[in-house]
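> I'm passing along target_12.cif; it holds mmCIF, C-alpha atoms (C1' of nucleotides).
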```cif
data_target
#
loop_
_atom_site.label_atom_id
_atom_site.label_comp_id
_atom_site.auth_asym_id
_atom_site.auth_seq_id
_atom_site.Cartn_x
_atom_site.Cartn_y
_atom_site.Cartn_z
CA MET A 1 0.00 0.00 0.00
CA PRO A 2 1.17 3.50 -0.71
CA LYS A 3 1.46 6.61 1.40
CA ILE A 4 -1.32 6.63 3.93
CA VAL A 5 -3.48 9.64 3.30
CA ASN A 6 -6.75 10.36 4.96
CA HIS A 7 -8.88 10.70 1.90
CA GLU A 8 -11.74 12.53 3.56
CA GLU A 9 -9.39 14.89 5.34
CA ARG A 10 -7.76 15.88 2.08
CA ARG A 11 -11.15 16.53 0.54
CA GLU A 12 -12.04 18.80 3.44
CA GLN A 13 -8.75 20.66 3.09
CA LEU A 14 -9.65 21.33 -0.53
CA ALA A 15 -13.14 22.46 0.41
CA GLU A 16 -11.67 24.86 2.93
CA ALA A 17 -9.40 26.24 0.24
CA VAL A 18 -12.51 26.84 -1.86
CA TRP A 19 -14.05 28.73 1.05
CA ARG A 20 -11.04 30.99 1.46
CA ILE A 21 -11.05 31.86 -2.22
CA ILE A 22 -14.78 32.56 -2.14
CA ARG A 23 -14.32 34.99 0.72
CA ARG A 24 -11.40 36.69 -0.95
CA GLU A 25 -12.43 36.73 -4.61
CA GLY A 26 -15.93 35.32 -4.87
CA LEU A 27 -16.97 32.16 -6.63
CA GLU A 28 -15.62 33.56 -9.92
CA GLY A 29 -12.14 33.19 -8.48
CA VAL A 30 -12.59 29.47 -7.86
CA SER A 31 -10.82 27.49 -10.59
CA VAL A 32 -9.31 24.05 -10.16
CA ARG A 33 -5.89 25.65 -10.40
CA SER A 34 -6.52 28.42 -7.87
CA VAL A 35 -7.94 25.90 -5.42
CA ALA A 36 -5.01 23.53 -5.83
CA GLU A 37 -2.57 26.37 -5.22
CA GLU A 38 -4.54 27.68 -2.25
CA ALA A 39 -4.50 24.19 -0.74
CA GLY A 40 -0.79 23.82 -1.50
CA MET A 41 -1.07 20.86 -3.81
CA SER A 42 -0.79 20.13 -7.50
CA LEU A 43 -3.51 20.04 -10.09
CA GLY A 44 -3.12 16.29 -10.47
CA SER A 45 -3.55 15.86 -6.74
CA LEU A 46 -6.80 17.77 -6.71
CA ARG A 47 -8.03 15.77 -9.67
CA HIS A 48 -7.28 12.63 -7.69
CA TYR A 49 -9.74 13.64 -5.00
CA PHE A 50 -12.38 15.25 -7.19
CA ASP A 51 -13.29 14.03 -10.64
CA SER A 52 -14.52 17.39 -11.77
CA GLN A 53 -14.86 21.00 -10.69
CA SER A 54 -18.54 20.66 -10.06
CA ALA A 55 -17.90 17.70 -7.76
CA LEU A 56 -15.52 19.91 -5.80
CA LEU A 57 -18.06 22.71 -5.57
CA ALA A 58 -20.87 20.39 -4.57
CA PHE A 59 -18.74 18.88 -1.82
CA SER A 60 -17.65 22.31 -0.59
CA MET A 61 -21.23 23.47 -0.39
CA GLN A 62 -22.36 20.30 1.32
CA LEU A 63 -19.58 20.55 3.87
CA VAL A 64 -20.37 24.07 4.98
CA ALA A 65 -24.02 23.07 5.30
CA GLU A 66 -23.09 20.05 7.40
CA ARG A 67 -20.87 22.03 9.70
CA ILE A 68 -23.60 24.55 10.42
CA LYS A 69 -26.13 21.77 10.89
CA LYS A 70 -23.91 19.91 13.34
CA ARG A 71 -23.22 23.04 15.34
CA ILE A 72 -26.93 23.67 15.62
CA GLN A 73 -27.72 20.09 16.60
CA SER A 74 -25.04 20.06 19.28
CA LEU A 75 -26.53 23.08 21.00
CA PRO A 76 -27.53 22.41 24.61
CA GLN A 77 -31.29 22.39 24.92
CA ASP A 78 -31.31 23.43 28.55
CA GLY A 79 -32.04 26.96 29.51
CA ASP A 80 -35.52 28.36 29.04
CA PRO A 81 -37.15 28.21 25.60
CA ARG A 82 -36.33 31.78 24.76
CA GLU A 83 -32.65 31.29 25.50
CA ASN A 84 -32.67 28.19 23.33
CA ILE A 85 -34.10 30.16 20.45
CA GLU A 86 -31.62 32.99 20.79
CA ALA A 87 -28.76 30.50 20.95
CA LEU A 88 -30.03 28.87 17.78
CA ILE A 89 -30.31 32.15 15.91
CA GLY A 90 -26.84 33.02 17.15
CA GLN A 91 -25.53 30.06 15.19
CA ILE A 92 -27.09 31.30 11.97
CA VAL A 93 -26.65 35.04 11.92
CA PRO A 94 -23.20 36.71 11.57
CA LEU A 95 -22.56 37.68 15.16
CA ASP A 96 -18.82 36.97 15.07
CA GLU A 97 -16.06 36.55 12.51
CA ASP A 98 -16.59 32.81 12.03
CA ARG A 99 -20.29 33.19 11.51
CA LEU A 100 -19.66 36.07 9.11
CA ALA A 101 -17.33 33.86 7.09
CA GLU A 102 -19.89 31.11 6.91
CA SER A 103 -22.57 33.56 5.90
CA GLN A 104 -20.47 34.94 3.07
CA ILE A 105 -19.75 31.45 1.81
CA TRP A 106 -23.35 30.39 2.13
CA ILE A 107 -24.67 33.39 0.24
CA ALA A 108 -22.20 32.78 -2.56
CA PHE A 109 -23.24 29.14 -2.88
CA SER A 110 -26.95 29.88 -2.60
CA THR A 111 -26.81 32.46 -5.35
CA PHE A 112 -24.73 30.16 -7.52
CA ALA A 113 -27.18 27.33 -6.94
CA LEU A 114 -30.05 29.41 -8.33
CA THR A 115 -28.91 28.59 -11.86
CA GLU A 116 -26.95 25.36 -11.29
CA PRO A 117 -29.25 22.35 -11.56
CA GLU A 118 -26.66 20.21 -9.80
CA LEU A 119 -26.54 22.38 -6.68
CA ARG A 120 -30.06 23.69 -6.55
CA PRO A 121 -31.61 20.66 -4.81
CA LEU A 122 -29.05 20.89 -2.01
CA SER A 123 -29.69 24.59 -1.59
CA ARG A 124 -33.41 24.00 -1.43
CA GLU A 125 -33.00 21.15 1.02
CA ILE A 126 -31.08 23.35 3.44
CA HIS A 127 -33.56 26.15 3.04
CA ASP A 128 -36.49 23.82 3.68
CA SER A 129 -34.92 22.18 6.69
CA LEU A 130 -34.28 25.57 8.24
CA ARG A 131 -37.89 26.48 7.51
CA ASP A 132 -38.92 23.34 9.38
CA VAL A 133 -36.76 24.36 12.33
CA PHE A 134 -38.64 27.62 12.54
CA ARG A 135 -41.95 25.81 12.24
CA ASN A 136 -41.06 23.51 15.09
CA ILE A 137 -40.01 26.40 17.25
CA PHE A 138 -43.34 28.10 16.90
CA GLU A 139 -45.41 24.97 17.27
CA THR A 140 -43.56 24.12 20.44
CA LEU A 141 -43.98 27.66 21.74
CA ALA A 142 -47.67 27.57 21.01
CA GLN A 143 -48.15 24.26 22.78
CA SER A 144 -46.24 25.57 25.78
CA GLN A 145 -48.54 28.60 25.87
CA LEU A 146 -45.52 30.84 25.55
CA LEU A 147 -46.83 32.61 22.46
CA LYS A 148 -49.09 35.58 22.78
CA PRO A 149 -52.62 34.41 22.06
CA GLY A 150 -54.18 34.70 18.64
CA LEU A 151 -51.00 34.30 16.62
CA ASP A 152 -50.87 32.31 13.39
CA THR A 153 -47.93 30.00 14.12
CA GLU A 154 -47.30 29.09 10.50
CA LEU A 155 -47.21 32.72 9.43
CA GLU A 156 -45.09 33.74 12.39
CA ALA A 157 -42.59 31.01 11.59
CA LYS A 158 -42.23 32.32 8.06
CA ARG A 159 -41.95 35.89 9.26
CA PHE A 160 -39.21 35.03 11.73
CA HIS A 161 -37.40 32.93 9.15
CA ALA A 162 -37.43 35.78 6.65
CA LEU A 163 -36.26 38.24 9.30
CA VAL A 164 -33.33 36.03 10.27
CA ASP A 165 -32.23 35.52 6.67
CA GLY A 166 -32.60 39.23 6.06
CA LEU A 167 -30.35 39.95 9.03
CA LEU A 168 -27.84 37.48 7.67
CA VAL A 169 -27.80 39.24 4.32
CA HIS A 170 -27.51 42.67 5.89
CA GLY A 171 -24.73 41.46 8.13
CA VAL A 172 -22.78 40.38 5.06
CA ILE A 173 -23.55 43.35 2.82
CA ALA A 174 -22.74 45.92 5.47
CA SER A 175 -20.45 43.97 7.76
CA GLU A 176 -18.56 47.09 8.87
CA VAL A 177 -21.74 48.91 9.77
CA VAL A 178 -24.17 46.30 11.05
CA LEU A 179 -22.97 45.50 14.51
CA ALA A 180 -23.48 42.22 16.26
CA GLU A 181 -25.36 43.91 19.09
CA GLU A 182 -27.69 45.47 16.59
CA ILE A 183 -28.58 42.11 15.13
CA ALA A 184 -29.02 40.59 18.57
CA GLY A 185 -31.16 43.55 19.59
CA ILE A 186 -33.46 43.15 16.61
CA VAL A 187 -33.91 39.44 17.30
CA ALA A 188 -34.62 40.19 20.95
CA ARG A 189 -37.16 42.84 20.04
CA HIS A 190 -38.88 40.45 17.64
CA LEU A 191 -39.14 37.76 20.32
CA ASP A 192 -40.42 40.31 22.81
CA SER A 193 -43.24 41.09 20.42
CA LEU A 194 -44.19 37.42 20.14
CA LEU A 195 -43.73 35.85 23.55
CA VAL A 196 -45.78 36.28 26.68
CA PRO A 197 -43.90 38.30 29.28
CA MET B 12 -22.02 61.85 -40.04
CA PRO B 13 -22.71 58.12 -40.06
CA LYS B 14 -25.74 56.04 -39.32
CA ILE B 15 -27.83 57.58 -36.59
CA VAL B 16 -28.07 55.24 -33.66
CA ASN B 17 -29.42 56.04 -30.25
CA HIS B 18 -26.33 55.36 -28.22
CA GLU B 19 -28.03 55.09 -24.86
CA GLU B 20 -30.76 52.88 -26.23
CA ARG B 21 -28.19 50.42 -27.56
CA ARG B 22 -26.46 50.33 -24.20
CA GLU B 23 -29.74 49.54 -22.52
CA GLN B 24 -30.42 46.76 -25.00
CA LEU B 25 -27.10 45.23 -24.07
CA ALA B 26 -27.83 45.60 -20.37
CA GLU B 27 -31.14 43.84 -20.87
CA ALA B 28 -29.34 41.02 -22.65
CA VAL B 29 -27.11 40.74 -19.58
CA TRP B 30 -30.20 40.47 -17.39
CA ARG B 31 -31.71 37.70 -19.46
CA ILE B 32 -28.50 35.70 -19.30
CA ILE B 33 -28.24 36.22 -15.55
CA ARG B 34 -31.74 34.87 -15.08
CA ARG B 35 -31.10 31.91 -17.33
CA GLU B 36 -27.52 30.98 -16.49
CA GLY B 37 -26.35 33.18 -13.68
CA LEU B 38 -23.58 35.75 -13.80
CA GLU B 39 -21.10 33.00 -14.72
CA GLY B 40 -22.84 32.77 -18.07
CA VAL B 41 -22.23 36.42 -18.86
CA SER B 42 -19.33 36.77 -21.28
CA VAL B 43 -18.91 39.52 -23.83
CA ARG B 44 -19.66 36.97 -26.53
CA SER B 45 -22.78 35.53 -24.94
CA VAL B 46 -24.13 39.03 -24.34
CA ALA B 47 -23.44 40.13 -27.90
CA GLU B 48 -25.21 37.06 -29.24
CA GLU B 49 -28.14 37.47 -26.85
CA ALA B 50 -28.50 41.07 -27.99
CA GLY B 51 -28.20 40.02 -31.63
CA MET B 52 -25.10 41.99 -32.41
CA SER B 53 -21.45 41.35 -33.06
CA LEU B 54 -18.59 41.39 -30.62
CA GLY B 55 -17.15 44.49 -32.25
CA SER B 56 -20.48 46.24 -31.86
CA LEU B 57 -20.62 45.53 -28.17
CA ARG B 58 -17.05 46.74 -27.79
CA HIS B 59 -18.10 49.95 -29.48
CA TYR B 60 -20.57 50.66 -26.69
CA PHE B 61 -18.61 49.28 -23.76
CA ASP B 62 -14.85 49.51 -23.42
CA SER B 63 -14.65 46.47 -21.20
CA GLN B 64 -16.70 43.74 -19.65
CA SER B 65 -16.65 45.37 -16.25
CA ALA B 66 -18.02 48.58 -17.77
CA LEU B 67 -20.87 46.52 -19.21
CA LEU B 68 -21.58 44.88 -15.87
CA ALA B 69 -21.41 48.14 -13.96
CA PHE B 70 -23.86 49.75 -16.37
CA SER B 71 -26.21 46.77 -16.21
CA MET B 72 -26.24 46.86 -12.43
CA GLN B 73 -26.72 50.62 -12.36
CA LEU B 74 -29.60 50.40 -14.81
CA VAL B 75 -31.60 47.87 -12.83
CA ALA B 76 -31.08 49.96 -9.72
CA GLU B 77 -32.27 53.08 -11.53
CA ARG B 78 -35.37 51.40 -12.88
CA ILE B 79 -36.42 50.22 -9.43
CA LYS B 80 -35.65 53.62 -7.96
CA LYS B 81 -37.72 55.43 -10.58
CA ARG B 82 -40.64 53.09 -10.11
CA ILE B 83 -40.57 53.73 -6.40
CA GLN B 84 -40.30 57.49 -6.81
CA SER B 85 -43.21 57.59 -9.24
CA LEU B 86 -45.54 55.90 -6.78
CA PRO B 87 -48.59 58.00 -5.94
CA GLN B 88 -48.36 59.24 -2.40
CA ASP B 89 -52.09 59.52 -1.89
CA GLY B 90 -53.96 56.88 0.00
CA ASP B 91 -53.44 56.52 3.71
CA PRO B 92 -49.91 56.02 5.08
CA ARG B 93 -50.30 52.31 5.46
CA GLU B 94 -51.38 51.89 1.86
CA ASN B 95 -48.40 53.95 0.76
CA ILE B 96 -46.06 51.67 2.66
CA GLU B 97 -47.59 48.50 1.28
CA ALA B 98 -47.40 49.93 -2.24
CA LEU B 99 -43.74 50.72 -1.69
CA ILE B 100 -42.92 47.25 -0.40
CA GLY B 101 -44.85 45.84 -3.33
CA GLN B 102 -42.30 47.45 -5.62
CA ILE B 103 -39.41 45.74 -3.86
CA VAL B 104 -40.55 42.26 -3.05
CA PRO B 105 -41.21 39.61 -5.75
CA LEU B 106 -45.00 39.73 -5.91
CA ASP B 107 -45.21 39.21 -9.66
CA GLU B 108 -43.08 37.90 -12.50
CA ASP B 109 -41.43 41.25 -13.26
CA ARG B 110 -40.51 41.84 -9.65
CA LEU B 111 -39.21 38.30 -9.38
CA ALA B 112 -36.97 38.88 -12.39
CA GLU B 113 -35.61 42.08 -10.89
CA SER B 114 -35.01 40.35 -7.58
CA GLN B 115 -33.07 37.54 -9.22
CA ILE B 116 -30.92 40.03 -11.09
CA TRP B 117 -30.40 42.18 -8.05
CA ILE B 118 -29.32 39.26 -5.87
CA ALA B 119 -26.84 38.12 -8.51
CA PHE B 120 -25.30 41.58 -8.74
CA SER B 121 -25.26 42.14 -4.98
CA THR B 122 -23.47 38.87 -4.37
CA PHE B 123 -21.04 39.60 -7.17
CA ALA B 124 -20.37 43.06 -5.78
CA LEU B 125 -19.27 41.60 -2.43
CA THR B 126 -15.87 40.82 -3.92
CA GLU B 127 -15.73 43.30 -6.81
CA PRO B 128 -14.23 46.60 -5.65
CA GLU B 129 -15.60 48.32 -8.72
CA LEU B 130 -19.22 47.37 -8.02
CA ARG B 131 -19.24 47.30 -4.25
CA PRO B 132 -19.75 51.05 -3.74
CA LEU B 133 -22.83 51.01 -5.96
CA SER B 134 -24.23 48.03 -4.12
CA ARG B 135 -23.68 49.74 -0.79
CA GLU B 136 -25.20 52.96 -2.04
CA ILE B 137 -28.41 51.21 -3.03
CA HIS B 138 -28.52 49.33 0.22
CA ASP B 139 -28.01 52.50 2.22
CA SER B 140 -30.59 54.50 0.32
CA LEU B 141 -33.15 51.78 0.90
CA ARG B 142 -32.22 51.81 4.57
CA ASP B 143 -32.91 55.56 4.57
CA VAL B 144 -36.28 54.97 2.96
CA PHE B 145 -37.21 52.70 5.84
CA ARG B 146 -35.90 55.21 8.34
CA ASN B 147 -38.02 57.95 6.84
CA ILE B 148 -41.09 55.76 6.88
CA PHE B 149 -40.80 55.12 10.58
CA GLU B 150 -39.91 58.68 11.51
CA THR B 151 -42.92 59.92 9.59
CA LEU B 152 -45.14 57.31 11.20
CA ALA B 153 -43.89 58.26 14.64
CA GLN B 154 -44.50 61.95 14.04
CA SER B 155 -48.01 61.20 12.80
CA GLN B 156 -48.66 59.21 15.96
CA LEU B 157 -49.47 56.19 13.86
CA LEU B 158 -46.92 53.98 15.56
CA LYS B 159 -47.79 52.09 18.67
CA PRO B 160 -46.27 53.96 21.60
CA GLY B 161 -42.90 53.02 23.03
CA LEU B 162 -41.34 51.78 19.83
CA ASP B 163 -37.70 52.46 18.93
CA THR B 164 -38.12 53.89 15.44
CA GLU B 165 -34.49 53.32 14.41
CA LEU B 166 -34.60 49.69 15.49
CA GLU B 167 -38.00 49.11 13.92
CA ALA B 168 -36.77 50.54 10.64
CA LYS B 169 -33.90 48.09 10.61
CA ARG B 170 -36.13 45.21 11.57
CA PHE B 171 -38.59 45.97 8.79
CA HIS B 172 -35.79 46.47 6.30
CA ALA B 173 -34.29 43.09 7.19
CA LEU B 174 -37.69 41.41 6.99
CA VAL B 175 -38.35 42.82 3.52
CA ASP B 176 -34.96 41.78 2.20
CA GLY B 177 -35.45 38.35 3.74
CA LEU B 178 -38.79 38.02 1.98
CA LEU B 179 -37.12 39.03 -1.26
CA VAL B 180 -34.48 36.33 -0.83
CA HIS B 181 -37.04 33.69 0.09
CA GLY B 182 -39.20 34.68 -2.86
CA VAL B 183 -36.26 34.03 -5.16
CA ILE B 184 -34.92 30.87 -3.53
CA ALA B 185 -38.31 29.21 -3.36
CA SER B 186 -40.21 31.02 -6.08
CA GLU B 187 -42.46 28.02 -6.80
CA VAL B 188 -43.42 27.65 -3.15
CA VAL B 189 -43.50 31.13 -1.68
CA LEU B 190 -46.68 32.64 -2.95
CA ALA B 191 -47.27 36.30 -3.50
CA GLU B 192 -50.18 36.31 -1.07
CA GLU B 193 -47.95 34.79 1.57
CA ILE B 194 -45.44 37.58 1.24
CA ALA B 195 -48.17 40.20 1.27
CA GLY B 196 -49.71 38.53 4.30
CA ILE B 197 -46.45 38.61 6.23
CA VAL B 198 -45.92 42.27 5.44
CA ALA B 199 -49.48 43.03 6.49
CA ARG B 200 -49.07 41.12 9.74
CA HIS B 201 -45.85 42.99 10.48
CA LEU B 202 -47.51 46.35 9.92
CA ASP B 203 -50.46 45.28 12.06
CA SER B 204 -48.03 44.64 14.89
CA LEU B 205 -46.54 48.10 14.57
CA LEU B 206 -49.35 50.51 13.74
CA VAL B 207 -52.15 51.76 15.92
CA PRO B 208 -55.48 50.24 14.88
"C1'" DT C 23 -21.58 63.90 -55.94
"C1'" DG C 24 -17.85 62.93 -53.07
"C1'" DC C 25 -16.06 63.16 -48.18
"C1'" DT C 26 -16.01 62.23 -43.47
"C1'" DT C 27 -16.82 59.50 -39.55
"C1'" DA C 28 -19.74 56.71 -36.34
"C1'" DG C 29 -21.09 52.11 -36.48
"C1'" DC C 30 -20.11 47.51 -37.34
"C1'" DA C 31 -18.08 42.87 -38.50
"C1'" DA C 32 -14.31 39.81 -38.87
"C1'" DT C 33 -10.16 38.14 -37.33
"C1'" DA C 34 -6.31 37.59 -34.26
"C1'" DC C 35 -4.02 36.66 -29.93
"C1'" DA C 36 -2.53 35.74 -25.44
"C1'" DA C 37 -4.20 34.12 -21.15
"C1'" DA C 38 -7.00 31.15 -18.44
"C1'" DT C 39 -9.79 27.31 -18.03
"C1'" DG C 40 -11.52 22.21 -17.42
"C1'" DT C 41 -10.11 17.86 -18.46
"C1'" DA C 42 -7.08 13.98 -19.75
"C1'" DT C 43 -2.89 11.26 -19.79
"C1'" DC C 44 1.16 9.24 -18.08
"C1'" DA C 45 5.09 8.31 -15.61
"C1'" DA C 46 7.55 9.05 -11.25
"C1'" DA C 47 7.42 8.72 -6.19
"C1'" DA C 48 6.40 6.66 -1.96
"C1'" DA C 49 5.13 3.39 1.28
"C1'" DA C 50 3.04 -0.81 2.74
"C1'" DA C 51 2.99 -5.83 1.73
"C1'" DA C 52 5.20 -9.84 -0.02
"C1'" DT D 14 14.47 -6.69 -1.28
"C1'" DT D 15 10.96 -6.83 -4.54
"C1'" DT D 16 6.26 -6.02 -5.68
"C1'" DT D 17 2.15 -3.51 -5.67
"C1'" DT D 18 -0.80 0.36 -5.68
"C1'" DT D 19 -2.19 4.82 -4.09
"C1'" DT D 20 -0.64 9.35 -4.49
"C1'" DT D 21 1.51 12.94 -6.89
"C1'" DG D 22 3.40 16.09 -10.35
"C1'" DA D 23 4.14 17.43 -15.07
"C1'" DT D 24 2.61 18.09 -19.43
"C1'" DA D 25 -0.75 18.37 -23.13
"C1'" DC D 26 -4.89 19.91 -25.40
"C1'" DA D 27 -9.04 21.86 -26.90
"C1'" DT D 28 -12.23 25.69 -25.49
"C1'" DT D 29 -13.45 29.79 -23.84
"C1'" DT D 30 -12.29 34.07 -22.33
"C1'" DG D 31 -11.24 39.43 -22.60
"C1'" DT D 32 -9.16 42.55 -25.45
"C1'" DA D 33 -7.10 44.62 -29.62
"C1'" DT D 34 -6.76 45.62 -34.46
"C1'" DT D 35 -8.23 46.52 -38.97
"C1'" DG D 36 -10.90 47.52 -42.70
"C1'" DC D 37 -15.61 47.91 -44.56
"C1'" DT D 38 -20.36 50.04 -44.54
"C1'" DA D 39 -23.58 53.56 -44.55
"C1'" DA D 40 -25.50 57.99 -43.69
"C1'" DG D 41 -25.32 62.90 -43.14
"C1'" DC D 42 -22.67 67.17 -44.68
"C1'" DA D 43 -20.10 70.00 -47.88
#
```
Let me see the structure of the file written as structure tokens.


Amino acid sequence: MPKIVNHEERREQLAEAVWRIIRREGLEGVSVRSVAEEAGMSLGSLRHYFDSQSALLAFSMQLVAERIKKRIQSLPQDGDPRENIEALIGQIVPLDEDRLAESQIWIAFSTFALTEPELRPLSREIHDSLRDVFRNIFETLAQSQLLKPGLDTELEAKRFHALVDGLLVHGVIASEVVLAEEIAGIVARHLDSLLVP
Amino acid sequence: MPKIVNHEERREQLAEAVWRIIRREGLEGVSVRSVAEEAGMSLGSLRHYFDSQSALLAFSMQLVAERIKKRIQSLPQDGDPRENIEALIGQIVPLDEDRLAESQIWIAFSTFALTEPELRPLSREIHDSLRDVFRNIFETLAQSQLLKPGLDTELEAKRFHALVDGLLVHGVIASEVVLAEEIAGIVARHLDSLLVP
DNA sequence: TGCTTAGCAATACAAATGTATCAAAAAAAA
DNA sequence: TTTTTTTTGATACATTTGTATTGCTAAGCA
């Protein structure tokens, strides 16, 4: 057997190189050559781990989605419901540098996926699963009588989901201006308007 | 003097060709050749109207921004304040096919501008001017005593702005699923929660 | 009628790109 | 040590890309 190389690890290294290029130059800057150089390996090496550029992009997109998903799933579910929700949102919205990086990468991939049949299903799947998360939140809140009476849970879930994604976009577009506290404050205000005191 | 050709009109034709390609194939599909073909003219012709590809892209982005801006400015300001606001939002959010097209194009350009120093200022300018629109709305509402008491107008402006941009993104990502009435309903619900009855 | 010049089309060219091929290198297994 | 096989690097190639050049066309002006 030849040199022992952790196949999956190498693939993740390449995906992370893709991410760095996306942040620096956008998806237009991602070529097989630029990625290989960024990852410090040769073109032939990259080709050994990914049969095509689109396979590399699909994997890179999938990986960032998985990382976010895992981080969300590993959140402690103690604390009161409201704290749980704010912790969850804090994993989505760009409150710190890491989250900002992820948001930039995710926006780039999502936009790209709009016209790439190969990536679009994945993009939609992530979007839908996040929508379901919001649905669950509100159904649980309603059952626990924590929601103000008379609210349409389905509509409120969609409204909150849109607000959170809007904050994510604004955090990326105006990252020097939109402060983390601002985002947190808006989320807090929204929850105040929905939950019983 | 040679053949009389409306210079500006030709440039707009080319910009519209760019838009069609963006909708169909994304910004990656926009090359000087594909645009020339889409517009039904030769490469040399295109070059005659735009010195470079980035000039073409900058103009195309500027033009879509101007068209939206003009449409917003030409809105009748009669009707009660709430109707004015809903009419304004209706010009931003993808409630019909034309608005959906504009949203798709705008998202593509905004994402592209994140890493293109030449386009970024324009993107920020549009973002900021829309932010000011929301600010004005809420300041006017507050002065007219139409806002529920105790609201932070600055924060509410940002919250509404984020919600609207989030709805725009969701309308584009899930255009087959997110219905126009849904979007309108969410906006209406949000205004209900802010305005005095 | 001829002249001037904006508009246009064709061609060229270097650079970058995705993909393919192939042989060398390296390390485990025999 | 020899064999085997994954890993790696180099090179090649056809396409596509942005840009530049050059000459032709056509329409208004003298």

> Translate the PyMOL selection byres ((chain B) within 8 of (chain A)) into a concrete residue list for this structure, as a list in words.

Arg34, Arg35, Glu36, Gly37, Glu39, Ile118, Ala119, Thr122, Phe123, Leu125, Thr126, Glu127, Arg135, Leu166, Glu167, Lys169, Arg170, His172, Ala173, Leu174, Val175, Asp176, Gly177, Leu178, Val180, His181, Ile184, Ala185 and Ile197 of chain B

> Considering only C-alpha atoms (C1' of nucleotides), state which residue in the set D:DT16, D:DG41, D:DA27, D:DG36 is at the smallest distance from chain A.

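Ranked by minimum distance to chain A, first place goes to D:DT16.
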
> Apply the PyMOL selection byres ((chain B and resi 54-71) around 7) to the file shown and report the selected residues as number ranges by chain.

B: 22, 26, 29, 43-44, 47, 52-53, 72-75, 130; C: 30-31

> For the residues selected in the previous step, produce a file with C-alpha atoms (C1' of nucleotides) as a short mmCIF file (atom, residue, chain, number, x, y, z; two decimals), keeping the file's coordinate frame.


```cif
data_model
loop_
_atom_site.label_atom_id
_atom_site.label_comp_id
_atom_site.auth_asym_id
_atom_site.auth_seq_id
_atom_site.Cartn_x
_atom_site.Cartn_y
_atom_site.Cartn_z
CA ARG B 22 -26.46 50.33 -24.20
CA ALA B 26 -27.83 45.60 -20.37
CA VAL B 29 -27.11 40.74 -19.58
CA VAL B 43 -18.91 39.52 -23.83
CA ARG B 44 -19.66 36.97 -26.53
CA ALA B 47 -23.44 40.13 -27.90
CA MET B 52 -25.10 41.99 -32.41
CA SER B 53 -21.45 41.35 -33.06
CA MET B 72 -26.24 46.86 -12.43
CA GLN B 73 -26.72 50.62 -12.36
CA LEU B 74 -29.60 50.40 -14.81
CA VAL B 75 -31.60 47.87 -12.83
CA LEU B 130 -19.22 47.37 -8.02
"C1'" DC C 30 -20.11 47.51 -37.34
"C1'" DA C 31 -18.08 42.87 -38.50
#
```

> Just to confirm, what's the straight-line distance from atom C1' of DT24 of chain D to atom CA of Asn6 of chain A in Å (one decimal)?

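Atom CA of Asn6 of chain A lies 27.2 Å from atom C1' of DT24 of chain D.
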
> To test your reading of the syntax: which residues would the PyMOL selection byres ((chain D) within 9 of (chain B)) return for the file shown? Reply as a ChimeraX atom specification.

/D:30-32,39-42

> In Å, with one decimal, what is the gap from atom CA of Ala153 of chain B to atom CA of Leu147 of chain A?

27.0 Å

> Measure the distance from atom CA of Ser129 of chain A to atom CA of Asp107 of chain B in Å and round it to one decimal.

25.8 Å

> If the cut-off is 8 Å, can you tell me the residues of chain C near chain A, counting all atoms listed in the file? I'd like them as number ranges by chain.

C: 39-40, 48-51
